[in-house]
Amino acid sequence: MRIAIGGIEHETNTYATESMGTTSLDAFSQLRGEEMLAQRGMRTFVGGFIDGCDRDGHEIVPTLWAMAGPSGIIEADTYRTLKDDLLARLADEGPFDAVALSMHGAGVVEGIDDLEGDLSAAIRAVIGETPLVVPLDLHGNITPAMAEHIDVMLGVHEYPHIDCFERGVESIELLASIAAGEISPVTHVTQVPILLPTSTTDEEPAGRMRDLCLAAEAQPDVIDAAFFHGFPYTDVPATGTSLVVTTNGDRSAAKAVADSLATELWDSRETFVSESLLPDVAMEVALRAFESDGGPVVINDTADNPGGGTPGDGTHLLRAMLDAQIADSCFGFIFDPTVAALAHEAGVGTMIETELGGRHGGLHGEPVEVTAYVKTLTDGRFVYESPMLAGVPASFGQCARLVIGGDEKGKGGVDVIVTSRRSQTFDRVIFALHGIDVTTRSLIGLKGSQHFRAGFSDLATSIVTADSPGLTTLNVSVFDHARAAQPLWPIEAVQHWEPPV
Ligand SMILES: [Zn+2]
């Protein structure tokens with residue numbers, strides 16, 4: 001078979017637009033044509049597409065894959081440029097036997113609330129009846145418009161998203177079955193009006209919903225059953241959770257299975273509310289855990305998770321760690337290119353005095369005044385090893401390991417890694433790059449909500465989550481969802497819901 005692969009991916013935090021601006025073309029990494037094949041072997045959707053094609057001897061036609069890290073609303077011109085490029089490639093290089101596209105599900109463009117619905121409609125107009133399968137992120141706000149134009153939407157089952165590669169491979173397998181006439185997929189989307197705080201599938205209750213979906217998939221003629229957590233940090237009509245079920249030709253069965261799973265979710269919604277600990281309280285809990293069970297204890301800054309579109313230079317947790325000055329603790333990392341450049345200018349073995357972080361308004365904390373020893377300088381390049389992103393290269397620009405609160409020789413104090421690019425922390429490799437063996441540490445502070453678990457669960461004695469004001473706080477009720485199509489629990493005390501007939 002001749003299979004086109006490509007995609008446009010973005011998780012849009014509409015609330016981030018005010019403090020961090022819109023998302024422009026230069027924020028997107030763009031791989032065109034053969035460049036996309038560099039994803040071969042990587043644990044991404046596209047890596048899975050390529051592997052699935054290689055396994056079964058399909059001809060790959062790479063088109064355009066564009067992806068930006070989570071951030072504010074996408075500029076209209078940026079989206080138009082990328083969309084036109086993708087459509088032109090699909091038109092020029094067709095016809096195909098099948099098309100596999102990598103999307104997120106929570107993309108928002110100036111003037112377009114549903115990027116994926118808009119894009120899939122436009123693609124359908126170009127490719128006609130050609131089978132189209134799209135794997136989506138578990139945080140997609142899924143719409144019926146998407147289901148109308150896409151033959152199968154595969155949801156990532158795991159959070160951390162360790163199964164993107166597998167969903168990519170599965171996309172190719174399903175396309176082969178559709179093209180051969182073996183299956184005729186039909187999909188039902190049941191949207192559930194819940195604003196879900198970040199919920200890992202490593203634990204209950206999200207793990208239980210994942211298991212129920214997998215059990216549903218084991219039923220004959222159920223092709224896919226996925227629980228989309230939705231992305232609570234965006235204000236569009238479709239924001240919320242959804243259950244998406246695809247069956248082999250049986251529309252009423254797809255609705256029945258989706259509705260049954262949706263009712264399970266609704267009935268268990270209270271169990272998704274998690275405890276929110278302010279950073280200094282979380283530090284106390286982490287310290288007690290360290291004293292009783294040893295280290296390393298991971299303490300994650302969930303409210304400033306750049307993986308959800310935040311600035312990545314928030315200081316609430318960092319300040320608590322610096323105040324506590326726990327021996328052998330480390331923090332990785334904070335985004336501050338100004339301080340990274342200052343450290344590179346000063347050189348290893350020098351002391352610098354500066355303000356660190358807090359450069360995007362006060363919500364995520366004010367800048368911290370520090371006197372720091374410059375311990376290590378790097379170019380921020382490494383390759384991820386986490387099961388979620390193994391093989392994917394990272395490039396954080398000028399980076400520095402500072403020691404804050406120690407003496408002028410860098411003894412004592414807290415190790416803090418400063419980078420020139422914004423990201424959540426996925427695994428230990430960035431620490432190792434800066435000479436830090438995290439397995440020997442007491443406390444490891446990091447920015448992220450759940451994905452870090454894939455890289456740290458096996459080495460942490462325990463994990464403590466710090467919450468605070470921030471664009472990805474667990475306290476989702478602070479965001480006004482003025483544009484929501486229906487009242488969202490728990491912002492509104494919705495008592496009763498049942499699947500629409
Ligand atoms: Zn996600």
# chains A, B, ... in the order shown; residues from 1 in each chain; ligands from 1

call {"tool": "closest_atom_pairs", "arguments": {"of": "chain A", "to": "ligand 1", "cutoff": "8 Å", "atoms": "only C-alpha atoms and all ligand atoms", "output": "Markdown table"}}
result
| residue | atom | partner | partner_atom_place_in_ligand_line | distance |
| --- | --- | --- | --- | --- |
| A:His104 | CA | ligand 1 | 1 (Zn) | 7.9 |
| A:Asp137 | CA | ligand 1 | 1 (Zn) | 5.1 |
| A:Leu138 | CA | ligand 1 | 1 (Zn) | 5.1 |
| A:His139 | CA | ligand 1 | 1 (Zn) | 4.5 |
| A:Gly140 | CA | ligand 1 | 1 (Zn) | 7.5 |
| A:Tyr159 | CA | ligand 1 | 1 (Zn) | 7.1 |
| A:Pro160 | CA | ligand 1 | 1 (Zn) | 7.7 |
| A:His161 | CA | ligand 1 | 1 (Zn) | 6.7 |

call {"tool": "residues_around", "arguments": {"residues": "Asp85 in chain A", "least_positions_apart": "6", "cutoff": "10 Å", "atoms": "only C-alpha atoms", "output": "JSON, numbers by chain"}}
result
{"A": [32, 63, 64, 79, 91]}

call {"tool": "closest_atom_pairs", "arguments": {"of": "range 49-84 of chain A", "to": "range 93-101 of chain A", "cutoff": "12 Å", "atoms": "only C-alpha atoms", "output": "CSV"}}
result
residue,atom,partner,partner_atom,distance
A:Phe49,CA,A:Ala100,CA,7.3
A:Ile50,CA,A:Ala100,CA,10.1
A:Gly52,CA,A:Ala100,CA,10.8
A:Cys53,CA,A:Ala100,CA,10.6
A:His58,CA,A:Asp97,CA,9.9
A:Glu59,CA,A:Phe96,CA,9.8
A:Ile60,CA,A:Val99,CA,9.8
A:Val61,CA,A:Glu93,CA,7.9
A:Pro62,CA,A:Glu93,CA,9.6
A:Thr63,CA,A:Glu93,CA,8.5
A:Leu64,CA,A:Leu101,CA,9.5
A:Trp65,CA,A:Leu101,CA,8.5
A:Ala66,CA,A:Leu101,CA,10.8

call {"tool": "closest_atom_pairs", "arguments": {"of": "range 254-352 of chain A", "to": "range 225-229 of chain A", "cutoff": "9 Å", "atoms": "only C-alpha atoms", "output": "CSV"}}
result
residue,atom,partner,partner_atom,distance
A:Ala254,CA,A:Ala225,CA,8.9
A:Val257,CA,A:Ala225,CA,8.2
A:Ala258,CA,A:Ala225,CA,7.5
A:Leu261,CA,A:Phe227,CA,8.3
A:Ala262,CA,A:Phe227,CA,8.5

call {"tool": "atom_distance", "arguments": {"atom1": "CA of Val370 in chain A", "atom2": "CA of Gly349 in chain A"}}
result
15.9 Å

call {"tool": "residues_around", "arguments": {"residues": "Lys83 in chain A", "least_positions_apart": "3", "cutoff": "10 Å", "atoms": "only C-alpha atoms", "output": "ChimeraX atom specification"}}
result
/A:7-8,64,66,77-80,86-89,115,118-119,122-123

call {"tool": "closest_residue", "arguments": {"among": "A:Gly249, A:Gly69, A:Gly295, A:Pro144", "to": "Leu443 in chain A", "atoms": "only C-alpha atoms"}}
result
A:Gly295

call {"tool": "closest_residue", "arguments": {"among": "A:Lys447, A:Arg288, A:Arg453, A:His316", "to": "Pro469 in chain A", "atoms": "only C-alpha atoms"}}
result
A:His316

call {"tool": "atom_distance", "arguments": {"atom1": "CA of Pro296 in chain A", "atom2": "CA of Ile463 in chain A"}}
result
9.1 Å
